[in-house]
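Dropping data03.txt in here (compact mmCIF, C-alpha atoms):
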# COMPACT_ATOMS: atom_id res chain seq x y z
CA MET W 1 -6.49 38.86 13.67
CA ARG W 2 -4.44 40.23 16.57
CA ILE W 3 -2.03 37.96 18.44
CA ASN W 4 -3.94 38.32 21.72
CA THR W 5 -7.19 37.35 20.02
CA ALA W 6 -5.55 34.39 18.29
CA VAL W 7 -4.10 33.17 21.59
CA ARG W 8 -7.52 33.55 23.20
CA HIS W 9 -9.16 31.46 20.47
CA LEU W 10 -6.51 28.75 20.80
CA ARG W 11 -6.95 28.69 24.57
CA GLU W 12 -10.73 28.57 24.35
CA GLY W 13 -10.63 25.84 21.71
CA GLY W 14 -8.44 23.71 23.93
CA LYS W 15 -10.61 24.38 26.98
CA ASN W 16 -13.74 23.41 25.07
CA VAL W 17 -12.27 20.01 24.27
CA VAL W 18 -11.60 19.38 27.98
CA ARG W 19 -14.75 21.12 29.29
CA ASN W 20 -17.08 19.06 27.11
CA GLY W 21 -15.41 15.83 28.09
CA TRP W 22 -17.99 13.20 27.15
CA MET W 23 -18.98 14.83 23.87
CA SER W 24 -15.32 15.31 22.97
CA PHE W 25 -14.71 11.68 23.84
CA ALA W 26 -17.59 10.66 21.57
CA SER W 27 -16.21 12.71 18.68
CA ILE W 28 -12.65 11.46 19.15
CA SER W 29 -13.90 7.86 19.39
CA ALA W 30 -15.93 8.21 16.19
CA ILE W 31 -12.93 9.67 14.37
CA ALA W 32 -10.54 7.04 15.72
CA ILE W 33 -12.75 4.04 14.97
CA SER W 34 -13.75 5.26 11.50
CA LEU W 35 -10.20 6.14 10.47
CA PHE W 36 -8.82 2.91 11.95
CA ILE W 37 -11.14 0.85 9.74
CA LEU W 38 -10.32 3.06 6.77
CA GLY W 39 -6.60 2.76 7.53
CA VAL W 40 -6.73 -1.05 7.69
CA PHE W 41 -8.31 -1.25 4.24
CA LEU W 42 -5.95 1.43 2.95
CA LEU W 43 -2.91 -0.59 4.06
CA LEU W 44 -4.40 -3.74 2.57
CA THR W 45 -5.15 -2.03 -0.74
CA LEU W 46 -1.68 -0.44 -0.99
CA ASN W 47 0.01 -3.76 -0.28
CA VAL W 48 -2.22 -5.72 -2.65
CA ASN W 49 -1.39 -3.25 -5.42
CA TYR W 50 2.30 -3.51 -4.54
CA LEU W 51 2.17 -7.30 -4.57
CA THR W 52 0.37 -7.38 -7.92
CA GLN W 53 3.01 -5.06 -9.37
CA GLN W 54 5.73 -7.41 -8.13
CA ILE W 55 3.95 -10.38 -9.65
CA GLU W 56 3.45 -8.63 -12.98
CA GLN W 57 7.09 -7.55 -13.06
CA GLN W 58 8.11 -11.15 -12.41
CA VAL W 59 6.18 -12.42 -15.43
CA GLU W 60 9.04 -13.74 -17.48
CA ILE W 61 10.05 -16.89 -19.28
CA ARG W 62 12.73 -19.18 -17.90
CA VAL W 63 14.43 -21.37 -20.48
CA TYR W 64 16.29 -24.17 -18.70
CA LEU W 65 19.14 -25.75 -20.64
CA GLU W 66 20.17 -29.35 -20.79
CA VAL W 67 23.21 -30.23 -18.68
CA LYS W 68 26.56 -29.80 -20.48
CA THR W 69 25.11 -27.94 -23.47
CA PRO W 70 28.10 -26.75 -25.61
CA GLU W 71 28.95 -23.07 -25.26
CA ASP W 72 28.59 -22.35 -28.97
CA GLN W 73 25.10 -23.87 -28.96
CA VAL W 74 24.18 -21.74 -25.94
CA THR W 75 25.28 -18.58 -27.78
CA SER W 76 23.40 -19.63 -30.94
CA LEU W 77 20.24 -20.33 -28.94
CA GLN W 78 20.46 -16.94 -27.22
CA ASN W 79 20.61 -15.21 -30.60
CA GLU W 80 17.62 -17.20 -31.87
CA ILE W 81 15.53 -16.28 -28.82
CA SER W 82 16.49 -12.60 -29.14
CA ALA W 83 15.23 -12.63 -32.73
CA ILE W 84 11.70 -13.66 -31.68
CA SER W 85 9.16 -10.85 -31.86
CA ASN W 86 8.02 -9.35 -28.51
CA VAL W 87 11.25 -10.45 -26.81
CA SER W 88 12.87 -7.42 -25.16
CA LYS W 89 15.77 -9.00 -23.27
CA VAL W 90 17.53 -12.34 -23.00
CA LYS W 91 19.94 -12.93 -20.13
CA PHE W 92 22.06 -16.02 -19.54
CA VAL W 93 21.97 -17.18 -15.91
CA SER W 94 24.49 -19.81 -14.84
CA LYS W 95 23.48 -22.25 -12.14
CA GLU W 96 25.91 -20.53 -9.76
CA GLU W 97 24.25 -17.16 -10.41
CA GLY W 98 20.85 -18.77 -9.93
CA LEU W 99 21.90 -20.03 -6.51
CA GLU W 100 23.17 -16.59 -5.47
CA TYR W 101 19.92 -15.03 -6.67
CA LEU W 102 17.90 -17.36 -4.46
CA ARG W 103 20.13 -16.56 -1.50
CA GLY W 104 19.58 -12.85 -2.01
CA LYS W 105 15.81 -13.31 -2.18
CA LEU W 106 15.71 -15.42 0.98
CA GLY W 107 17.59 -12.79 3.02
CA ASP W 108 17.91 -14.09 6.58
CA GLY W 109 16.74 -17.51 5.39
CA LYS W 110 19.69 -18.00 3.03
CA GLN W 111 21.20 -20.57 5.40
CA LEU W 112 18.60 -22.97 4.04
CA LEU W 113 20.70 -23.23 0.85
CA GLU W 114 23.96 -24.13 2.56
CA GLY W 115 25.58 -27.26 1.12
CA PHE W 116 24.30 -26.78 -2.44
CA GLU W 117 27.52 -25.27 -3.82
CA GLY W 118 29.67 -26.75 -6.60
CA GLU W 119 28.73 -30.24 -7.74
CA ASN W 120 25.79 -30.29 -5.33
CA ASN W 121 24.10 -27.38 -7.10
CA PRO W 122 20.79 -28.83 -8.38
CA LEU W 123 20.01 -25.88 -10.69
CA ASN W 124 20.34 -25.79 -14.47
CA ASP W 125 21.91 -23.05 -16.56
CA SER W 126 19.11 -21.00 -18.00
CA PHE W 127 17.98 -17.95 -19.93
CA THR W 128 15.73 -15.30 -18.43
CA VAL W 129 13.53 -13.92 -21.20
CA GLU W 130 11.63 -10.66 -20.75
CA VAL W 131 8.86 -9.68 -23.12
CA THR W 132 7.59 -6.28 -24.18
CA GLU W 133 4.02 -7.20 -23.22
CA PRO W 134 3.51 -9.65 -20.33
CA ARG W 135 0.29 -10.92 -21.88
CA GLU W 136 2.31 -12.33 -24.78
CA VAL W 137 4.36 -14.72 -22.64
CA ALA W 138 2.39 -17.81 -23.72
CA ALA W 139 2.92 -17.17 -27.44
CA VAL W 140 6.61 -16.36 -26.97
CA ALA W 141 7.13 -19.48 -24.83
CA LYS W 142 5.69 -21.69 -27.59
CA GLN W 143 8.04 -20.14 -30.14
CA ILE W 144 11.01 -20.78 -27.84
CA GLU W 145 9.99 -24.41 -27.35
CA SER W 146 9.88 -24.84 -31.13
CA LEU W 147 13.60 -23.96 -31.33
CA ASN W 148 14.35 -27.55 -30.26
CA ASN W 149 12.84 -28.83 -33.50
CA GLY W 150 15.29 -30.04 -36.12
CA LYS W 151 18.33 -30.04 -33.84
CA PRO W 152 20.28 -33.29 -33.36
CA THR W 153 20.94 -32.45 -29.71
CA LYS W 154 18.12 -30.52 -28.12
CA PRO W 155 19.58 -27.70 -25.95
CA ILE W 156 16.31 -26.77 -24.21
CA TYR W 157 15.38 -28.89 -21.22
CA ARG W 158 12.23 -27.00 -20.20
CA VAL W 159 10.43 -23.69 -20.80
CA SER W 160 8.56 -22.28 -17.81
CA TYR W 161 6.37 -19.21 -17.51
CA GLY W 162 3.61 -20.25 -15.12
CA GLN W 163 1.37 -21.75 -17.75
CA GLY W 164 -2.28 -21.79 -16.74
CA THR W 165 -1.82 -19.20 -13.99
CA VAL W 166 -0.51 -16.14 -15.82
CA GLU W 167 -3.77 -15.45 -17.65
CA THR W 168 -5.78 -15.89 -14.47
CA MET W 169 -3.35 -13.66 -12.60
CA PHE W 170 -3.94 -10.70 -14.92
CA LYS W 171 -7.70 -11.01 -14.48
CA VAL W 172 -7.45 -11.31 -10.70
CA THR W 173 -5.03 -8.39 -10.29
CA SER W 174 -7.32 -6.14 -12.32
CA ILE W 175 -10.35 -7.11 -10.21
CA VAL W 176 -8.45 -6.73 -6.92
CA ARG W 177 -7.22 -3.25 -7.80
CA ASN W 178 -10.67 -2.03 -8.82
CA VAL W 179 -12.43 -3.57 -5.81
CA GLY W 180 -9.79 -2.17 -3.46
CA LEU W 181 -10.22 1.36 -4.79
CA VAL W 182 -14.02 1.14 -4.51
CA ILE W 183 -13.85 -0.14 -0.90
CA VAL W 184 -11.39 2.54 0.21
CA ALA W 185 -13.41 5.31 -1.48
CA GLY W 186 -16.65 4.02 0.08
CA LEU W 187 -15.10 3.79 3.55
CA ALA W 188 -13.63 7.27 3.22
CA LEU W 189 -17.06 8.76 2.40
CA THR W 190 -18.71 6.78 5.21
CA ALA W 191 -16.08 7.94 7.69
CA MET W 192 -16.51 11.56 6.59
CA PHE W 193 -20.27 11.56 7.16
CA LEU W 194 -20.08 9.60 10.42
CA ILE W 195 -17.41 11.83 11.93
CA SER W 196 -19.02 15.02 10.68
CA ASN W 197 -22.42 14.08 12.13
CA THR W 198 -20.88 13.17 15.48
CA ILE W 199 -19.14 16.55 15.68
CA LYS W 200 -22.35 18.28 14.65
CA ILE W 201 -24.16 16.63 17.56
CA THR W 202 -21.41 17.93 19.87
CA ILE W 203 -21.91 21.49 18.62
CA VAL W 204 -25.73 21.25 18.61
CA ALA W 205 -25.63 20.35 22.31
CA ARG W 206 -24.00 23.77 22.90
CA ARG W 207 -26.36 25.88 20.82
CA ARG W 208 -27.47 27.79 23.96
CA GLU W 209 -23.86 28.87 24.55
CA ILE W 210 -23.59 30.10 20.95
CA SER W 211 -26.90 31.98 21.16
CA ILE W 212 -25.87 33.78 24.35
CA MET W 213 -22.53 34.85 22.87
CA LYS W 214 -24.36 36.16 19.81
CA LEU W 215 -26.91 38.10 21.89
CA VAL W 216 -24.22 39.86 23.96
CA GLY W 217 -22.63 41.22 20.79
CA ALA W 218 -19.95 38.70 19.79
CA THR W 219 -19.18 38.71 16.07
CA ASN W 220 -19.63 35.62 13.95
CA SER W 221 -15.88 35.17 13.48
CA PHE W 222 -15.24 35.59 17.21
CA ILE W 223 -17.73 32.79 17.93
CA ARG W 224 -16.63 30.58 15.06
CA TRP W 225 -12.87 30.51 15.66
CA PRO W 226 -12.83 28.59 18.98
CA PHE W 227 -15.13 25.96 17.49
CA PHE W 228 -12.96 25.89 14.37
CA ILE W 229 -9.90 25.20 16.54
CA GLU W 230 -11.82 22.72 18.68
CA GLY W 231 -12.81 20.75 15.59
CA ALA W 232 -9.20 20.72 14.39
CA LEU W 233 -8.00 19.47 17.81
CA LEU W 234 -10.63 16.72 17.84
CA GLY W 235 -9.52 15.69 14.36
CA ILE W 236 -5.83 15.66 15.30
CA ILE W 237 -6.36 13.61 18.47
CA GLY W 238 -8.86 11.27 16.87
CA SER W 239 -6.67 10.57 13.83
CA ALA W 240 -3.38 10.34 15.76
CA ILE W 241 -4.69 7.33 17.69
CA PRO W 242 -5.39 5.07 14.66
CA VAL W 243 -2.21 6.29 12.94
CA GLY W 244 -0.13 5.19 15.93
CA LEU W 245 -1.92 1.85 16.24
CA LEU W 246 -1.77 1.07 12.53
CA LEU W 247 1.89 1.95 12.06
CA TYR W 248 2.95 0.08 15.19
CA GLY W 249 0.90 -2.94 14.11
CA TYR W 250 2.31 -2.81 10.59
CA TRP W 251 5.87 -2.63 11.91
CA GLU W 252 5.33 -5.64 14.17
CA MET W 253 3.60 -7.58 11.40
CA MET W 254 6.51 -7.00 9.03
CA ARG W 255 8.97 -8.26 11.63
CA ALA W 256 6.83 -11.35 12.25
CA ILE W 257 6.06 -12.49 8.70
CA GLN W 258 8.69 -10.94 6.42
CA LEU W 259 10.87 -14.07 6.48
CA ASP W 260 7.90 -16.21 5.43
CA LEU W 261 7.12 -13.79 2.61
CA ASN W 262 10.77 -13.83 1.49
CA LEU W 263 10.47 -17.59 1.13
CA LEU W 264 7.57 -16.92 -1.25
CA LEU W 265 9.75 -14.34 -3.08
CA VAL W 266 7.30 -11.48 -2.39
CA GLN W 267 7.56 -8.43 -0.15
CA LEU W 268 5.30 -6.00 1.66
CA LEU W 269 5.59 -2.29 1.10
CA PRO W 270 8.56 -0.99 3.13
CA PHE W 271 7.58 0.73 6.39
CA GLU W 272 9.31 3.94 5.32
CA ALA W 273 7.32 4.06 2.08
CA ILE W 274 3.94 3.52 3.70
CA SER W 275 4.22 5.34 7.04
CA LEU W 276 4.28 8.92 5.71
CA LYS W 277 1.49 8.27 3.20
CA THR W 278 -0.76 6.63 5.77
CA ALA W 279 -0.07 9.17 8.52
CA GLY W 280 -0.46 12.15 6.20
CA LEU W 281 -3.70 10.90 4.67
CA LEU W 282 -5.43 9.90 7.92
CA LEU W 283 -4.29 13.02 9.81
CA GLY W 284 -5.40 15.19 6.90
CA ILE W 285 -8.82 13.53 6.73
CA GLY W 286 -9.29 13.80 10.50
CA ILE W 287 -8.37 17.48 10.66
CA LEU W 288 -10.41 18.46 7.61
CA ILE W 289 -13.50 16.60 8.78
CA GLY W 290 -13.15 18.01 12.31
CA ILE W 291 -12.99 21.57 10.97
CA TRP W 292 -15.72 20.92 8.40
CA GLY W 293 -18.15 19.42 10.93
CA SER W 294 -17.61 22.21 13.45
CA THR W 295 -17.84 25.02 10.90
CA LEU W 296 -21.06 23.75 9.29
CA SER W 297 -22.72 23.14 12.65
CA VAL W 298 -21.85 26.52 14.17
CA ARG W 299 -23.07 28.34 11.06
CA LYS W 300 -26.64 27.17 11.74
CA PHE W 301 -26.72 28.92 15.12
CA LEU W 302 -25.12 32.21 14.15
CA LYS W 303 -28.44 33.65 12.97
CA VAL W 304 -30.23 34.73 16.13

What does the file become when written as structure tokens?
Amino acid sequence: MRINTAVRHLREGGKNVVRNGWMSFASISAIAISLFILGVFLLLTLNVNYLTQQIEQQVEIRVYLEVKTPEDQVTSLQNEISAISNVSKVKFVSKEEGLEYLRGKLGDGKQLLEGFEGENNPLNDSFTVEVTEPREVAAVAKQIESLNNGKPTKPIYRVSYGQGTVETMFKVTSIVRNVGLVIVAGLALTAMFLISNTIKITIVARRREISIMKLVGATNSFIRWPFFIEGALLGIIGSAIPVGLLLYGYWEMMRAIQLDLNLLLVQLLPFEAISLKTAGLLLGIGILIGIWGSTLSVRKFLKV
């Protein structure tokens, strides 16, 4: 294709978008609304998956020690826990380290822990126990609790792993992931057909224009290219609107609720990690569907 012809097609494609104002508006609105709904569920699904990954990674056993447990008994207990099957890592956490960990998790809310240093520290020394398979935490926790048996001074104050909720959590996370994927896939297909049909209606309304161009000798490619470009422009404009709204809304939401989530020791997906994925996916879908709808519709009227 010559440069002059390419420029002409680009110019005509742009003019068509403006010239057919109401039909272009209808197509852009259909794209924007459909992709906005899809984008909302996409962001929800990505964040739910991210949150479930955080929760699963946090499945660990905390072994809290009695106050003033002798150092040699602490070392002996650590070796005994390490020898239990399915235990991958045992880390000693002093109460001072535990306090610093909480401060780091709270971020801007760390001032809530002021005044708990030194003798006022309410935390116990503890072990953090990681297992090779999170679903084995209950069995490993019972074995750790049994290490108190037969000892004159029991070093273990309490073993915690979220008993009663861990098993339910694995079931729920699996269901949420599967349901999220099904919803996003269903919305994507629905958006594709809705947008494509709207663009087809736009092109059908101009079938007389296509027939005249064909009758005066225009080639199929000469007719098709402006509509091809018009469809791409409709897709770009229609998808850029929901992308801008969604990313701006997500940014504001993170600023508004991130502190509250930090208090719950969970986080949303970082804006930098989600913005490119969301923008790329929605823009790609919008452009592809715009081109697809225009190309399929024009093809029907090229046989005169």

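Closest to Ile237 of chain W among W:Ser221, W:Ile28, W:Val18, W:Gly293 is W:Ile28, based on all atoms listed in the file.
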
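The two atoms in question, atom CA of Phe41 of chain W and atom CA of Ile229 of chain W, are spaced 29.2 Å apart.
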
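All protein and nucleic acid residues in the vicinity of (3.6, -9.2, -18.7), that is within 6 Å when counting all atoms listed in the file, are Glu56, Val59, Glu133, Pro134 and Arg135 of chain W.
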
Write the residues of the selection above to a file with C-alpha atoms, as a PDB file, in the coordinates of the input.
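selection.pdb was written with the following content:
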ATOM      1  CA  GLU W  56       3.450  -8.630 -12.980  1.00  0.00           C
ATOM      2  CA  VAL W  59       6.180 -12.420 -15.430  1.00  0.00           C
ATOM      3  CA  GLU W 133       4.020  -7.200 -23.220  1.00  0.00           C
ATOM      4  CA  PRO W 134       3.510  -9.650 -20.330  1.00  0.00           C
ATOM      5  CA  ARG W 135       0.290 -10.920 -21.880  1.00  0.00           C
TER       6      ARG W 135
END

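For the residues W:Arg224, W:Ile241, W:Ile257, W:Glu272, ranking by smallest atom-to-atom distance to Leu10 of chain W using only C-alpha atoms places W:Arg224 first.
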
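Note that atom CA of Ser294 of chain W and atom CA of Phe227 of chain W are 6.0 Å apart.
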
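Proximity to Lys68 of chain W was assessed for W:Met23, W:Lys95, W:Ala30, W:Leu283 counting only C-alpha atoms; the smallest distance is recorded for W:Lys95.
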
Using only C-alpha atoms, find all polymer residues with an atom at most 12 Å away from the point (16.3, -27.3, -26.7); report them as a compact mmCIF listing (two decimals) with C-alpha atoms, keeping the file's coordinate frame.
# COMPACT_ATOMS: atom_id res chain seq x y z
CA VAL W 63 14.43 -21.37 -20.48
CA TYR W 64 16.29 -24.17 -18.70
CA LEU W 65 19.14 -25.75 -20.64
CA GLU W 66 20.17 -29.35 -20.79
CA VAL W 67 23.21 -30.23 -18.68
CA THR W 69 25.11 -27.94 -23.47
CA PRO W 70 28.10 -26.75 -25.61
CA GLN W 73 25.10 -23.87 -28.96
CA VAL W 74 24.18 -21.74 -25.94
CA SER W 76 23.40 -19.63 -30.94
CA LEU W 77 20.24 -20.33 -28.94
CA GLN W 78 20.46 -16.94 -27.22
CA GLU W 80 17.62 -17.20 -31.87
CA ILE W 81 15.53 -16.28 -28.82
CA SER W 126 19.11 -21.00 -18.00
CA PHE W 127 17.98 -17.95 -19.93
CA GLN W 143 8.04 -20.14 -30.14
CA ILE W 144 11.01 -20.78 -27.84
CA GLU W 145 9.99 -24.41 -27.35
CA SER W 146 9.88 -24.84 -31.13
CA LEU W 147 13.60 -23.96 -31.33
CA ASN W 148 14.35 -27.55 -30.26
CA ASN W 149 12.84 -28.83 -33.50
CA GLY W 150 15.29 -30.04 -36.12
CA LYS W 151 18.33 -30.04 -33.84
CA PRO W 152 20.28 -33.29 -33.36
CA THR W 153 20.94 -32.45 -29.71
CA LYS W 154 18.12 -30.52 -28.12
CA PRO W 155 19.58 -27.70 -25.95
CA ILE W 156 16.31 -26.77 -24.21
CA TYR W 157 15.38 -28.89 -21.22
CA ARG W 158 12.23 -27.00 -20.20
CA VAL W 159 10.43 -23.69 -20.80

Shell of 10 Å around segment 35-39 of chain W, all atoms listed in the file, local chain residues under 3 positions omitted, as a PyMOL selection string
chain W and resi 29-32+42-45+183-192+195+238-247+278-279+281-283+285-286

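Computed from the coordinates, the atom CA of Met254 of chain W to atom CA of Arg103 of chain W distance equals 19.7 Å.
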